[in-house]
Every structure is written in C-alpha cells, then in structure tokens.
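K.L.:
Please see the structure below; I have some questions.
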Amino acid sequence: MTIFIKYISIYVLLTICVHYSFGQIVTAVDLELLSDTNAPGTIALRSAFTNRKIVALGESTHQVGTTFMVKAKLIKYLHEQMGYNVILFESGMYDCFKAEQYLQSGDTSVKNLLDALFGIWWNTETQETLRYIISTRKTAHPIHFGGFDNQFMYKYSNQSFAQDIGQALDSINVIDASPLQVDSMFWKSLKKQIRYSNSFEKLPINDTLALSRVLLPAIESLDDSKKAKRIHNAMFWKSQMVNIVSDYRKLYFPKLALRDSIMAVNLQWIADSVYTQDKLIVWCATAHSAYNTNLVNNKYYQNKSMGSYLKSTYGDRYYSLAFTPNMGWGGYSMKWPFRYRIKAAKKGSIECYAAEKCFCDYAFISCNNDNKNEIERIWKSKIFWRKETKMPLFKIVDGVFYIKNMNIPTYRVLQKITNK
C-alpha cells in the first residue's frame, strides 16, 4: 500500500511538472476558472491580452462549434476582466451598424443581431455571445456590436440600404457643383449588387458601370474634407461606397485580394475614428486575422491578409489568436454529407505537440519571441483548415488556443433560434 501511494505521488508530481515546466509554451486553460486571477491559464491569457488595441479571435473553419463556445467564454473574460468593450464580426459593416442601432434604441432581440451575421453563425454556441452582448447593454460598460466586412447581408441591406445611402447621395448633390447622375439604372444595379454580394456570381458589366458612374465621383467628393464636414456621418458612407465598388470588383480582380484589404481599412477606421478609447475584439476566420500568410505552404494563402495590414499598422497592439483542434468533427450536421472528420494531429504539428505536453482539454500556446526557438521546430498546424499545413507559426500568429476535441455547431430551425 505504501509503495502504491508512493507511485501515485510520483505520478501526480510528474503531471504537475509537465503542466508547469512547459507552462511558458503550453499552458492548460480551465474555462471555468477564468475569473481566478491565480489560475495558470488565466495568467497566461492576461499576459497575452495586455496592452493591446485589437485582439482577433480566429477560427480554423466556420463550422467549429467548440471554438464558438470557447470564444464566448473568452469574450466574457476580455470584457469583464480586461475592459474590452467592442466586438466586431466578419459580417457586413452596414448590416451590423443597423443591428447596433437597434441595441441603442433598446430593442434587444437576439434576432436583430443574427439578421446582421452570416448564416454560419446562426447556431446555439454563437448565440451565447450574442445574449451576453445584450445582457451588458444596461450596465455601466456595455459591449458595442459591429462588423467590418465589405459584403452586404440579407435583411437590413435589402430593407434600408438604398434609402440610407440615397440620403447621403442627396447631401453630396446639395453641396457639389457637379451633381451626381443618380438614375433608375443605378438603383436597379444597386439592388442587384446586394443580391450578388457574398456569392461567386459576377455582377454584369453594365451594372458595374451604372454603379461606378455615381459612386466613384461620390467617393471623390467625400475625400474633400471641407465637403465631408457638411455631411452627416460622411466617412461611414464613404466606407459603404468603397465597400460596394470593391465587392463587385473582387471577382473581376481576384489576385488583388480586395476583400481583405478593404476589411482592414474598415476595421482600422472603426478602431481609430469610432472607438478611439476602446479595446476591440474581432471575430473572424484565422485566414483573415493571421499575418504574413504568404509564408504558409499553400497557394490559397499567398495574398496579403487583413491581419498583415493590421499588424503593420498596430504592431504589438494587434494580437492574433488562432483556435485549432486536435481531433473531432466539423460541419453543419452530424449527418452525412454535412460533416467532416478532423483526424488526430500528426507529429510535427503544434496540435500534436500540445497533446503530448499538456493532458488537457484546452490550452494556450504563446508564439512570442521567448518561445521562438522551441516553436521553430514545430512546422505544421491546422489553424487554417482541418489538415496540417506547413508554416512558420511564430511569424504568422501571436498565440494559439488548442482544443482537444472539436464538436459541430448546433444549428436549429430559425423559429427556435430566434424566439427570444
């Protein structure tokens, strides 16, 4: 019995040593202890998120339920413990603007927020974050909701965008010596562009010309600071005009990576002109939040990413955290063919390294300079997809959040999702 207790004691000691000796690189995170300032995982996360303007929470794909669940808990921690008061989604800038207006008016329906987001986030796990945002609105430190994508969504864009931008165009015509030629063809083309947005179908050339004839001179007018001062919310409407033009151009010029460059411009404007004194949380795909993606050994990541622009602008004040699974399932349903299997990580990957060093469900891995030599030996990761890809991880993201087992998001019928 004494020998048995001795071996058990040694095992416990070794387990603790594993957790703490590798704590600088791989630190176990207990999601239920994030409010405990002495918990190792909390200490590591606090160090990572301190002195940042923007923390980007990147997901490997858009069908990862456990990632959404973990994001919800980290967002609550970032808000309550570290003072982050703004959350921006990879969804339409205009649509999220309208949803925030509803919140400001006191209409705190989850459906109002869902209507502004891509359908990939219409799930139970993401709703936890949306409900938390709503719960803060009557507190002294509410979370503000927004988006930065140059694409246009469904409900709000279809219902009110034409009327809203029409008022901005009318204001330009009042002060401009050369009035804009806003005709019926423009409105038809605008309606069609909103329908084509977020699709792989090119807007017909005649429609692009109809939009360009109005929007390009309007953008030029708003570049004149004296004129812009006379128009309410001028820079926001300039952003929307640029969003429209870049959205229909992106399929004609795919190598320019217009979407990422414009998302970076939108996000920077929000950070520096709207929420100048606030710290921001960004919810998006890691393919957008990572930087130096040209170093990834995959042809699909060679264009300059949004994160590359933001890292260049903000330096250490921009922090990119990539969520990644060891194994599990992704997709929209456990029914075939709407699911895909995430196989256990292979040797040489950051996921396998984390699994071997930390026997835990969740862990944080820092990619800072102190860990550079160790992480340089890890040359693969799943941060961009369900399979390992070769990359110099420490040059691409600032940190990695490891998830042992990934589960599929819980999607339900719209009526059930939005009944509150």
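Going through the structure tokens in order, the chains are called A, B, and so on, while each chain numbers its residues from 1 and the ligands are numbered from 1 in the order shown.
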Can you pull out every residue from range 32-113 of chain A that DSSP, working from the backbone, puts in helix (DSSP H, G or I), and format the result as a VMD selection string?
P.N.:
chain A and resid 32 to 33 40 to 49 65 to 82 93 to 104 110 to 113
K.L.:
Give me, as a VMD selection string, the residues of range 120-358 of chain A that a backbone DSSP run labels strand (DSSP E).
P.N.:
chain A and resid 144 to 149 279 to 285 318 to 331 339 to 342
K.L.:
Set out as a tab-separated table a contact list for range 97-159 of chain A and range 320-340 of chain A with a cut-off of 12 Å, giving each residue of range 97-159 of chain A that qualifies its closest atom pair and distance in Å to one decimal, counting only C-alpha atoms, ordered by chain and rising residue number.
P.N.:
residue	atom	partner	partner_atom	distance
A:Gly119	CA	A:Tyr332	CA	10.8
A:Ile120	CA	A:Tyr332	CA	8.4
A:Trp121	CA	A:Tyr332	CA	10.6
A:Trp122	CA	A:Tyr332	CA	10.6
A:Asn123	CA	A:Tyr332	CA	9.6
K.L.:
Skip Lys382 in chain A itself and residues of its chain fewer than 3 positions away, then list as a count of residues only all residues within 8 Å of it, counting only C-alpha atoms.
P.N.:
10
K.L.:
So which residues touch Ile205 in chain A within 12 Å, counting only C-alpha atoms, skipping near sequence neighbours fewer than 3 positions away, as a PyMOL selection string?
P.N.:
chain A and resi 189+193+201-202+208-212+248-249+251-252
